[in-house]
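Content type mmCIF, C-alpha atoms and all ligand atoms, from the file my_file-v8.cif:
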data_work
loop_
_atom_site.label_atom_id
_atom_site.label_comp_id
_atom_site.auth_asym_id
_atom_site.auth_seq_id
_atom_site.Cartn_x
_atom_site.Cartn_y
_atom_site.Cartn_z
CA MET C 1233 0.97 41.99 -24.03
CA SER C 1234 3.25 39.96 -26.31
CA ASN C 1235 6.55 40.39 -28.07
CA ASP C 1236 7.51 40.06 -31.75
CA ASP C 1237 7.21 36.29 -31.92
CA ASN C 1238 3.92 36.29 -30.04
CA ARG C 1239 5.27 34.80 -26.85
CA PRO C 1240 3.41 36.12 -23.81
CA VAL C 1241 5.33 38.44 -21.53
CA ASN C 1242 5.70 37.68 -17.86
CA GLY C 1243 6.33 41.06 -16.32
CA PRO C 1244 5.56 44.75 -16.55
CA ASP C 1245 8.91 45.30 -18.27
CA GLY C 1246 7.78 43.17 -21.16
CA THR C 1247 10.19 40.22 -20.50
CA PRO C 1248 8.92 37.42 -22.70
CA GLU C 1249 8.24 33.92 -21.44
CA PRO C 1250 11.21 31.59 -22.02
CA TYR C 1251 11.28 29.28 -25.03
CA SER C 1252 10.52 25.62 -24.36
CA ASP C 1253 12.05 22.82 -26.38
CA GLU C 1254 10.42 19.45 -27.05
CA THR C 1255 11.81 17.99 -23.79
CA GLY C 1256 10.25 20.79 -21.76
CA ALA C 1257 13.57 22.49 -21.00
CA GLN C 1258 13.31 26.27 -20.96
CA SER C 1259 15.68 28.81 -22.40
CA HIS C 1260 15.70 32.40 -23.58
CA VAL C 1261 17.44 31.26 -26.76
CA PRO C 1262 15.23 29.60 -29.36
CA ALA C 1263 16.07 26.01 -30.28
CA ARG C 1264 18.19 25.95 -33.41
CA THR C 1265 16.26 24.73 -36.42
CA PRO C 1266 18.74 24.78 -39.32
CA ALA C 1267 17.10 25.37 -42.62
CA ASP C 1268 17.09 22.39 -44.96
CA PRO C 1269 19.90 23.15 -47.44
CA ILE C 1270 18.08 21.34 -50.23
CA ALA C 1271 14.39 21.94 -50.62
CA ASP C 1272 12.23 18.85 -50.45
CA PRO C 1273 11.13 18.34 -54.07
CA GLY C 1274 8.12 16.31 -52.96
CA LEU C 1275 6.79 13.28 -54.76
CA PRO C 1276 6.24 13.20 -58.50
CA PRO C 1277 2.63 12.81 -59.63
CA HIS C 1278 1.45 9.25 -59.36
CA THR C 1279 1.30 7.25 -62.57
CA TRP C 1280 -1.27 4.50 -62.64
CA ARG C 1281 -0.17 1.16 -64.00
CA PRO C 1282 -2.34 -0.67 -66.55
CA THR C 1283 -3.08 -3.29 -63.92
CA ASP C 1284 -4.40 -0.56 -61.59
CA VAL C 1285 -6.98 0.73 -64.04
CA ASP C 1286 -7.73 -2.18 -66.35
CA PRO C 1287 -9.28 -5.29 -64.75
CA LYS C 1288 -8.35 -7.35 -67.81
CA ALA C 1289 -4.70 -6.39 -67.49
CA GLU C 1290 -4.86 -7.20 -63.80
CA LYS C 1291 -6.28 -10.68 -64.51
CA ARG C 1292 -3.70 -11.24 -67.23
CA ALA C 1293 -0.86 -10.39 -64.82
CA GLU C 1294 -2.40 -12.73 -62.25
CA ARG C 1295 -2.41 -15.57 -64.75
CA GLN C 1296 1.17 -14.89 -65.84
CA ILE C 1297 2.39 -14.95 -62.26
CA ALA C 1298 0.45 -18.10 -61.45
CA ALA C 1299 1.86 -19.76 -64.58
CA MET C 1300 5.39 -19.01 -63.42
CA PHE C 1301 4.76 -20.48 -59.99
CA ILE C 1302 3.14 -23.60 -61.52
CA ALA C 1303 6.07 -24.03 -63.91
CA ALA C 1304 8.42 -23.66 -60.92
CA MET C 1305 6.54 -26.47 -59.16
CA ILE C 1306 6.78 -28.70 -62.21
CA SER C 1307 10.48 -28.01 -62.52
CA ALA C 1308 11.01 -28.86 -58.86
CA VAL C 1309 9.14 -32.15 -59.33
CA LEU C 1310 11.28 -32.88 -62.40
CA PHE C 1311 14.32 -32.35 -60.21
CA VAL C 1312 13.15 -35.20 -57.98
CA VAL C 1313 12.41 -37.35 -61.01
CA ALA C 1314 15.87 -36.65 -62.43
CA TYR C 1315 17.48 -37.42 -59.10
CA PHE C 1316 16.05 -40.91 -59.09
CA SER C 1317 16.31 -41.50 -62.85
CA PHE C 1318 19.98 -40.83 -63.50
CA SER C 1319 22.69 -42.35 -61.43
CA VAL C 1320 25.88 -40.43 -60.99
CA GLY C 1321 28.65 -42.07 -62.99
CA ASP C 1322 26.34 -43.51 -65.64
CA ASN C 1323 25.58 -41.56 -68.79
CA TRP C 1324 28.60 -39.47 -68.02
CA ASP C 1325 29.04 -38.19 -71.57
CA THR C 1326 25.46 -37.44 -72.30
CA PHE C 1327 25.53 -33.68 -72.65
CA LEU C 1328 28.57 -31.59 -73.58
CA GLY C 1329 30.77 -33.98 -71.71
CA LEU C 1330 28.70 -33.66 -68.57
CA GLY C 1331 26.61 -36.37 -66.98
CA ALA C 1332 22.86 -36.47 -67.48
CA SER C 1333 22.40 -36.36 -63.74
CA THR C 1334 24.48 -33.21 -63.33
CA VAL C 1335 22.81 -31.39 -66.20
CA SER C 1336 19.23 -32.33 -65.35
CA LEU C 1337 19.56 -31.58 -61.63
CA GLY C 1338 21.18 -28.22 -62.33
CA VAL C 1339 18.72 -27.19 -65.00
CA THR C 1340 15.56 -28.21 -63.15
CA LEU C 1341 16.57 -26.63 -59.86
CA GLY C 1342 17.88 -23.51 -61.57
CA VAL C 1343 14.72 -23.07 -63.62
CA SER C 1344 12.53 -23.57 -60.56
CA LEU C 1345 14.39 -20.92 -58.57
CA LEU C 1346 14.46 -18.56 -61.52
CA LEU C 1347 10.71 -18.83 -62.06
CA ILE C 1348 9.93 -18.26 -58.40
CA GLY C 1349 12.13 -15.16 -58.38
CA THR C 1350 10.69 -13.85 -61.63
CA GLY C 1351 7.13 -14.47 -60.41
CA ILE C 1352 7.76 -12.55 -57.20
CA ILE C 1353 9.26 -9.62 -59.10
CA HIS C 1354 6.32 -9.64 -61.49
CA LEU C 1355 3.91 -9.70 -58.55
CA ALA C 1356 5.64 -6.74 -56.92
CA ARG C 1357 5.76 -4.69 -60.10
CA LYS C 1358 2.31 -5.43 -61.47
CA LEU C 1359 -0.05 -6.19 -58.62
CA MET C 1360 1.24 -5.06 -55.27
CA ALA C 1361 0.24 -1.59 -54.10
CA ASP C 1362 2.68 0.93 -55.53
CA ALA C 1363 1.91 3.86 -53.26
CA GLU C 1364 4.99 5.72 -52.01
CA MET C 1365 5.65 4.80 -48.40
CA VAL C 1366 7.43 7.27 -46.15
CA GLU C 1367 8.78 6.49 -42.74
CA MET C 1368 10.14 9.52 -40.95
CA ARG C 1369 13.37 9.23 -39.10
CA HIS C 1370 13.16 9.57 -35.39
CA PRO C 1371 15.89 10.50 -32.92
CA ALA C 1372 18.14 7.55 -32.16
CA ALA C 1373 19.01 8.79 -28.67
CA SER C 1374 17.26 7.30 -25.65
CA PRO C 1375 14.70 9.54 -23.93
CA PRO C 1376 16.20 11.83 -21.27
CA GLU C 1377 14.48 9.97 -18.45
CA ASP C 1378 16.10 6.68 -19.57
CA ARG C 1379 19.51 8.30 -19.70
CA GLU C 1380 19.05 9.84 -16.26
CA ALA C 1381 17.92 6.50 -14.88
CA THR C 1382 20.97 4.78 -16.37
CA VAL C 1383 23.37 7.33 -14.90
CA ALA C 1384 21.62 7.08 -11.53
CA ALA C 1385 21.87 3.27 -11.58
CA LEU C 1386 25.55 3.48 -12.47
CA ASN C 1387 26.27 5.95 -9.71
CA ALA C 1388 24.32 3.85 -7.22
CA GLY C 1389 26.34 0.79 -8.25
CA LEU C 1390 29.61 2.66 -7.81
CA ASP C 1391 28.49 3.91 -4.42
CA GLU C 1392 27.55 0.42 -3.31
CA ALA C 1393 30.84 -1.00 -4.52
CA GLY C 1394 32.69 1.75 -2.65
CA ILE C 1395 35.12 2.13 -5.58
CA GLY C 1396 35.07 5.90 -5.29
CA ARG C 1397 36.06 5.77 -1.63
CA ARG C 1398 38.89 3.26 -2.22
CA PRO C 1399 41.31 4.74 -4.76
CA LEU C 1400 43.87 2.01 -4.08
CA VAL C 1401 41.46 -0.70 -5.14
CA ARG C 1402 40.17 1.37 -8.07
CA ASN C 1403 43.62 2.13 -9.46
CA THR C 1404 44.98 -1.38 -9.09
CA MET C 1405 41.86 -2.80 -10.72
CA ILE C 1406 42.24 -0.43 -13.70
CA GLY C 1407 45.91 -1.39 -13.90
CA ALA C 1408 45.13 -5.11 -13.83
CA VAL C 1409 42.59 -4.85 -16.61
CA GLY C 1410 44.90 -2.64 -18.68
CA VAL C 1411 47.91 -4.92 -18.32
CA LEU C 1412 45.72 -7.82 -19.39
CA GLY C 1413 46.03 -6.40 -22.91
CA LEU C 1414 49.77 -7.17 -22.95
CA PRO C 1415 49.45 -10.94 -23.43
CA ALA C 1416 47.20 -10.29 -26.42
CA VAL C 1417 49.79 -7.99 -27.96
CA VAL C 1418 52.58 -10.47 -27.31
CA LEU C 1419 50.54 -13.26 -28.89
CA LEU C 1420 50.40 -11.26 -32.13
CA ARG C 1421 54.04 -12.18 -32.58
CA ASP C 1422 52.94 -15.73 -33.28
CA LEU C 1423 51.20 -14.55 -36.41
CA ALA C 1424 54.58 -14.14 -38.05
CA PRO C 1425 56.98 -16.96 -38.98
CA GLY C 1426 59.32 -18.00 -36.21
CA ASP C 1427 62.28 -16.09 -37.55
CA ALA C 1428 60.34 -13.04 -38.71
CA LEU C 1429 62.03 -10.82 -36.20
CA ASP C 1430 65.36 -11.60 -37.79
CA ILE C 1431 65.07 -8.51 -39.96
CA ASP C 1432 68.44 -9.14 -41.50
CA LYS C 1433 66.85 -11.99 -43.45
CA LEU C 1434 64.50 -9.54 -45.05
CA ALA C 1435 67.38 -7.44 -46.29
CA HIS C 1436 69.12 -10.12 -48.34
CA THR C 1437 68.13 -12.32 -51.23
CA LEU C 1438 69.86 -15.07 -53.19
CA TRP C 1439 71.26 -12.55 -55.65
CA LYS C 1440 75.01 -12.14 -55.58
CA PRO C 1441 77.68 -10.89 -57.98
CA GLY C 1442 77.87 -12.96 -61.17
CA MET C 1443 74.64 -14.93 -60.62
CA ARG C 1444 72.76 -15.39 -63.88
CA LEU C 1445 69.25 -14.13 -64.41
CA VAL C 1446 67.15 -17.08 -65.58
CA ARG C 1447 63.60 -17.31 -66.88
CA ASP C 1448 61.00 -18.01 -64.26
CA VAL C 1449 59.63 -21.58 -64.18
CA VAL C 1450 61.99 -23.00 -66.83
CA GLY C 1451 65.28 -21.68 -65.46
CA THR C 1452 67.01 -20.93 -68.77
CA PRO C 1453 69.62 -18.18 -68.73
CA ILE C 1454 68.83 -15.01 -70.65
CA LEU C 1455 71.01 -13.53 -73.37
CA ALA C 1456 70.90 -9.76 -73.46
CA SER C 1457 70.68 -9.96 -77.25
CA GLU C 1458 67.42 -11.93 -77.18
CA ILE C 1459 65.40 -9.27 -75.39
CA GLU C 1460 63.49 -6.88 -77.66
CA VAL C 1461 62.56 -3.31 -76.79
CA GLY C 1462 59.14 -3.51 -75.10
CA ASP C 1463 59.65 -7.03 -73.70
CA LEU C 1464 58.94 -7.84 -70.07
CA ILE C 1465 60.38 -11.09 -68.73
CA ASN C 1466 59.66 -12.67 -65.36
CA ALA C 1467 62.90 -14.04 -64.03
CA ALA C 1468 64.57 -15.58 -60.99
CA PRO C 1469 68.06 -16.13 -59.60
CA GLU C 1470 69.90 -19.08 -61.12
CA ALA C 1471 70.34 -20.45 -57.60
CA MET C 1472 66.63 -21.34 -57.64
CA PHE C 1473 67.51 -23.98 -60.26
CA PRO C 1474 70.46 -25.83 -58.73
CA SER C 1475 72.35 -28.28 -60.93
CA GLU C 1476 75.73 -29.98 -61.06
CA GLU C 1477 76.99 -27.41 -63.54
CA ASN C 1478 76.09 -24.31 -61.57
CA GLY C 1479 76.83 -25.92 -58.20
CA TYR C 1480 74.16 -24.06 -56.25
CA PRO C 1481 72.85 -25.97 -53.22
CA GLU C 1482 69.37 -27.48 -53.20
CA LEU C 1483 66.80 -25.44 -51.27
CA GLU C 1484 63.78 -27.03 -49.70
CA GLY C 1485 60.49 -26.25 -48.00
CA ALA C 1486 59.90 -22.86 -46.44
CA GLU C 1487 63.40 -21.66 -47.25
CA GLU C 1488 62.91 -22.41 -50.94
CA GLN C 1489 59.57 -20.60 -50.99
CA SER C 1490 60.95 -17.63 -49.10
CA GLU C 1491 63.98 -17.23 -51.37
CA LYS C 1492 61.86 -17.69 -54.46
CA ALA C 1493 59.56 -14.88 -53.37
CA LYS C 1494 62.36 -12.54 -52.39
CA GLY C 1495 64.43 -13.11 -55.52
CA ALA C 1496 61.65 -12.69 -58.10
CA ILE C 1497 62.42 -10.00 -60.67
CA ILE C 1498 61.14 -8.46 -63.86
CA ILE C 1499 63.41 -7.56 -66.78
CA VAL C 1500 62.33 -4.95 -69.29
CA ARG C 1501 64.04 -3.39 -72.25
CA MET C 1502 63.38 0.12 -73.47
CA ASP C 1503 65.14 2.73 -75.54
CA PRO C 1504 68.21 3.72 -73.45
CA ASP C 1505 67.39 7.39 -74.13
CA GLU C 1506 64.16 6.97 -72.19
CA LEU C 1507 65.90 5.96 -68.98
CA THR C 1508 66.26 8.72 -66.40
CA PRO C 1509 69.32 9.08 -64.16
CA ALA C 1510 67.30 7.43 -61.37
CA THR C 1511 67.83 4.08 -63.11
CA GLN C 1512 71.62 4.49 -63.05
CA PRO C 1513 71.74 3.81 -66.81
CA ASP C 1514 75.54 3.87 -67.00
CA LYS C 1515 76.09 1.58 -64.02
CA TRP C 1516 73.13 -0.77 -63.47
CA THR C 1517 71.57 -1.37 -66.89
CA VAL C 1518 72.66 -3.01 -70.17
CA ASP C 1519 71.66 -1.26 -73.41
CA GLY C 1520 68.27 -0.24 -72.02
CA ILE C 1521 67.74 -3.56 -70.22
CA ILE C 1522 66.74 -2.87 -66.67
CA CYS C 1523 65.78 -5.14 -63.83
CA TYR C 1524 63.55 -4.58 -60.78
CA SER C 1525 62.16 -6.59 -57.90
CA LYS C 1526 58.79 -8.08 -58.80
CA ILE C 1527 57.50 -7.60 -55.27
CA CYS C 1528 55.33 -4.55 -54.70
CA THR C 1529 56.60 -2.20 -52.02
CA HIS C 1530 53.11 -1.69 -50.65
CA VAL C 1531 52.27 -5.03 -49.04
CA GLY C 1532 54.19 -7.40 -51.24
CA CYS C 1533 51.99 -8.58 -54.11
CA PRO C 1534 53.76 -9.59 -57.32
CA ILE C 1535 53.44 -6.75 -59.80
CA SER C 1536 52.65 -7.75 -63.34
CA LEU C 1537 50.63 -5.49 -65.60
CA TYR C 1538 53.07 -3.69 -67.89
CA GLU C 1539 52.10 -0.85 -70.18
CA ARG C 1540 54.77 -0.70 -72.82
CA THR C 1541 54.12 2.81 -74.15
CA THR C 1542 54.26 4.54 -70.75
CA HIS C 1543 56.72 2.08 -69.10
CA HIS C 1544 54.31 1.86 -66.21
CA VAL C 1545 53.82 -1.36 -64.33
CA LEU C 1546 50.75 -1.86 -62.18
CA CYS C 1547 50.29 -3.91 -59.05
CA PRO C 1548 46.95 -5.69 -59.32
CA CYS C 1549 46.30 -5.69 -55.58
CA HIS C 1550 45.79 -1.99 -54.85
CA GLN C 1551 46.78 -0.38 -58.13
CA SER C 1552 50.15 1.02 -57.15
CA THR C 1553 51.81 2.09 -60.40
CA PHE C 1554 55.55 2.38 -60.93
CA ASP C 1555 57.41 4.14 -63.74
CA LEU C 1556 60.13 1.71 -64.80
CA ALA C 1557 61.92 4.31 -66.92
CA ASP C 1558 62.29 6.56 -63.90
CA GLY C 1559 63.75 4.30 -61.24
CA ALA C 1560 60.36 2.59 -60.71
CA LYS C 1561 59.13 5.63 -58.83
CA VAL C 1562 55.57 5.45 -57.59
CA VAL C 1563 53.28 7.44 -59.87
CA PHE C 1564 50.01 6.27 -58.35
CA GLY C 1565 48.68 4.21 -55.48
CA PRO C 1566 49.50 3.41 -51.87
CA ALA C 1567 53.07 2.12 -52.29
CA ALA C 1568 55.48 4.42 -50.49
CA ARG C 1569 58.74 3.76 -52.29
CA PRO C 1570 60.07 2.64 -55.68
CA LEU C 1571 60.65 -0.99 -56.61
CA PRO C 1572 64.25 -1.88 -55.72
CA GLN C 1573 66.47 -2.15 -58.79
CA LEU C 1574 68.85 -5.06 -59.33
CA PRO C 1575 72.17 -3.88 -60.81
CA ILE C 1576 72.95 -6.05 -63.85
CA LYS C 1577 75.62 -6.54 -66.51
CA VAL C 1578 76.50 -9.21 -69.08
CA ASP C 1579 79.04 -11.97 -68.62
CA GLU C 1580 81.61 -13.00 -71.20
CA GLU C 1581 79.02 -15.22 -72.94
CA GLY C 1582 76.51 -12.41 -73.24
CA TYR C 1583 74.16 -13.66 -70.51
CA LEU C 1584 72.61 -11.25 -68.04
CA VAL C 1585 74.10 -11.53 -64.56
CA ALA C 1586 73.64 -9.62 -61.31
CA GLN C 1587 76.31 -7.19 -60.20
CA SER C 1588 75.28 -7.65 -56.56
CA ASP C 1589 72.27 -8.29 -54.34
CA PHE C 1590 69.60 -5.61 -54.22
CA THR C 1591 71.00 -2.54 -52.55
CA GLU C 1592 67.91 -2.11 -50.35
CA PRO C 1593 65.34 -4.47 -48.83
CA ILE C 1594 62.73 -5.72 -51.27
CA GLY C 1595 59.03 -6.01 -50.64
CA ALA C 1596 56.63 -4.32 -48.27
CA SER C 1597 58.01 -1.38 -46.34
CA PHE C 1598 58.15 -3.00 -42.92
CA TRP C 1599 58.69 -0.68 -40.02
CA GLU C 1600 62.17 -1.94 -39.08
CA ARG C 1601 63.51 -1.27 -42.56
CA GLU C 1602 65.29 1.89 -41.51
CA LYS C 1603 67.36 -0.11 -39.04
CA LEU C 1604 69.01 -2.16 -41.77
S1 LIG X 1 50.43 -4.72 -52.71
FE1 LIG X 1 50.79 -3.61 -54.49
S2 LIG X 1 49.52 -1.93 -54.32
FE2 LIG X 1 49.14 -3.03 -52.53
#
Reformat the file's structure so that it appears as structure tokens.
Amino acid sequence: MSNDDNRPVNGPDGTPEPYSDETGAQSHVPARTPADPIADPGLPPHTWRPTDVDPKAEKRAERQIAAMFIAAMISAVLFVVAYFSFSVGDNWDTFLGLGASTVSLGVTLGVSLLLIGTGIIHLARKLMADAEMVEMRHPAASPPEDREATVAALNAGLDEAGIGRRPLVRNTMIGAVGVLGLPAVVLLRDLAPGDALDIDKLAHTLWKPGMRLVRDVVGTPILASEIEVGDLINAAPEAMFPSEENGYPELEGAEEQSEKAKGAIIIVRMDPDELTPATQPDKWTVDGIICYSKICTHVGCPISLYERTTHHVLCPCHQSTFDLADGAKVVFGPAARPLPQLPIKVDEEGYLVAQSDFTEPIGASFWEREKL
């Protein structure tokens, strides 16, 4: 007697024998064998290469490959010859302003390596067997007996150590190992500058009321009238260029670098009608001239790539994109908040000056920001 799937029955009531899986375990539920969602298309028909069917072509390929290897050997020998023939420092202007030694060593070694690589590729494509090789995947798990043996060894070890019978020792040991992680966490603090936890420093920059906006690098003040619609100017606080006239104190070392990074800005000019209320056009801009921090609010790269027609500026690090006409809101990318805007106006001479410091912290959105 047998049932529908031809398993033998083991009783007069027709109960079928249990299913067995590949490990020998028995069950009355068949092992699940999910159907392959994509049918195996099989291999395409084999196409013989000329070198497989034509002995002359095979010999020709052999000769070509051998010629490449021989030429590689010659080139390598020439490298040695060049090494001893040209002394570094002599013949310095021999070839395109480079020394004969540099050129000859580079060319001979490069050609030798190139020919060896090309010869090997040629060998693989023309002469090596091109039959499709298939290696079936096999289960990555250890066999059940290995797993059982491992668990048994572990349990035996625990029994011998008596950990299970001594909860006091077990718990204190777990606590000791866990608390050992604390020193590692505390040491992370050393990765930051010594005063990094002074979050107030992150909230303020050199900008203050009346400070002129000056061109980056050269430090010249910027007349509002000299900026054209579509321009983008990299600028800095005038205090980064101290002089007797402006009276700003000299900054040095880490402080100078830090203030330079925090105070960096971009100035753009666009049609005032294109500015949205988010830019505070009546309060913080001058005839369509608008100023933002140059430091990306993602992790602090300097933004730079400006697309004049869309008013978008792109951070090159992770492609955060900000719409400068709309309060520098994030239109794409991982940055979580707009670029801070610097309120500006013109002084009596027509130069652009800050109305105040930034009204929010610049740069990456550090976790303590909300406390400021
Ligand atoms: S730092 Fe600008 S997108 Fe990451």
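Distances here use only C-alpha atoms and all ligand atoms; by that measure, the residue among C:Asn1478, C:Thr1334, C:Thr1541, C:Thr1529 closest to ligand LIG 1 (chain X) is C:Thr1529.
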Item to check | Residues within 10 Å of (67.4, -4.1, -77.4), counting only C-alpha atoms, listed as a ChimeraX atom specification | outcome: /C:1456-1463,1500-1504,1518-1521
Item to check | Nearby polymer residues, ligand LIG 1 (chain X), at most 10 Å, only C-alpha atoms and all ligand atoms, as JSON, numbers by chain | outcome: {"C": [1527, 1528, 1529, 1530, 1531, 1532, 1533, 1534, 1535, 1536, 1546, 1547, 1548, 1549, 1550, 1551, 1552, 1553, 1554, 1564, 1565, 1566, 1567, 1568, 1595, 1596]}
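Computed from the coordinates, the CA of Asp1284 (chain C) to CA of Ile1353 (chain C) distance equals 16.6 Å.
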Item to check | Using only C-alpha atoms: which of C:Ala1314, C:Ile1352, C:Leu1483, C:Leu1419 has the shortest distance to Ser1336 (chain C) | outcome: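 Of C:Ala1314, C:Ile1352, C:Leu1483, C:Leu1419, the one nearest Ser1336 (chain C) is C:Ala1314, counting only C-alpha atoms.
Taking CA of Tyr1583 (chain C) and CA of Ala1471 (chain C) as endpoints, the distance between them is 15.1 Å.
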Next on the checklist: Applying 6 Å and only C-alpha atoms, which residues near Asp1448 (chain C) remain after dropping the ones on its own chain fewer than 5 positions away? List them as a list in words.
Outcome noted: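 That gives Asn1466, Ala1467 and Ala1468 of chain C.
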Enclose region 1468-1477 of chain C, meaning all of its atoms listed in the file, in a box aligned along x, y and z, pad it by 8 Å on each side, and list the centre and edge lengths in Å to one decimal, as lines of an AutoDock Vina configuration file.
center_x = 70.8
center_y = -22.8
center_z = -60.6
size_x = 28.4
size_y = 30.4
size_z = 21.9
Item to check | Atom pair CA of Ala1486 (chain C) / CA of Pro1593 (chain C): separation (Å) | outcome: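 Straight-line distance from CA of Ala1486 (chain C) to CA of Pro1593 (chain C) works out to 19.3 Å.
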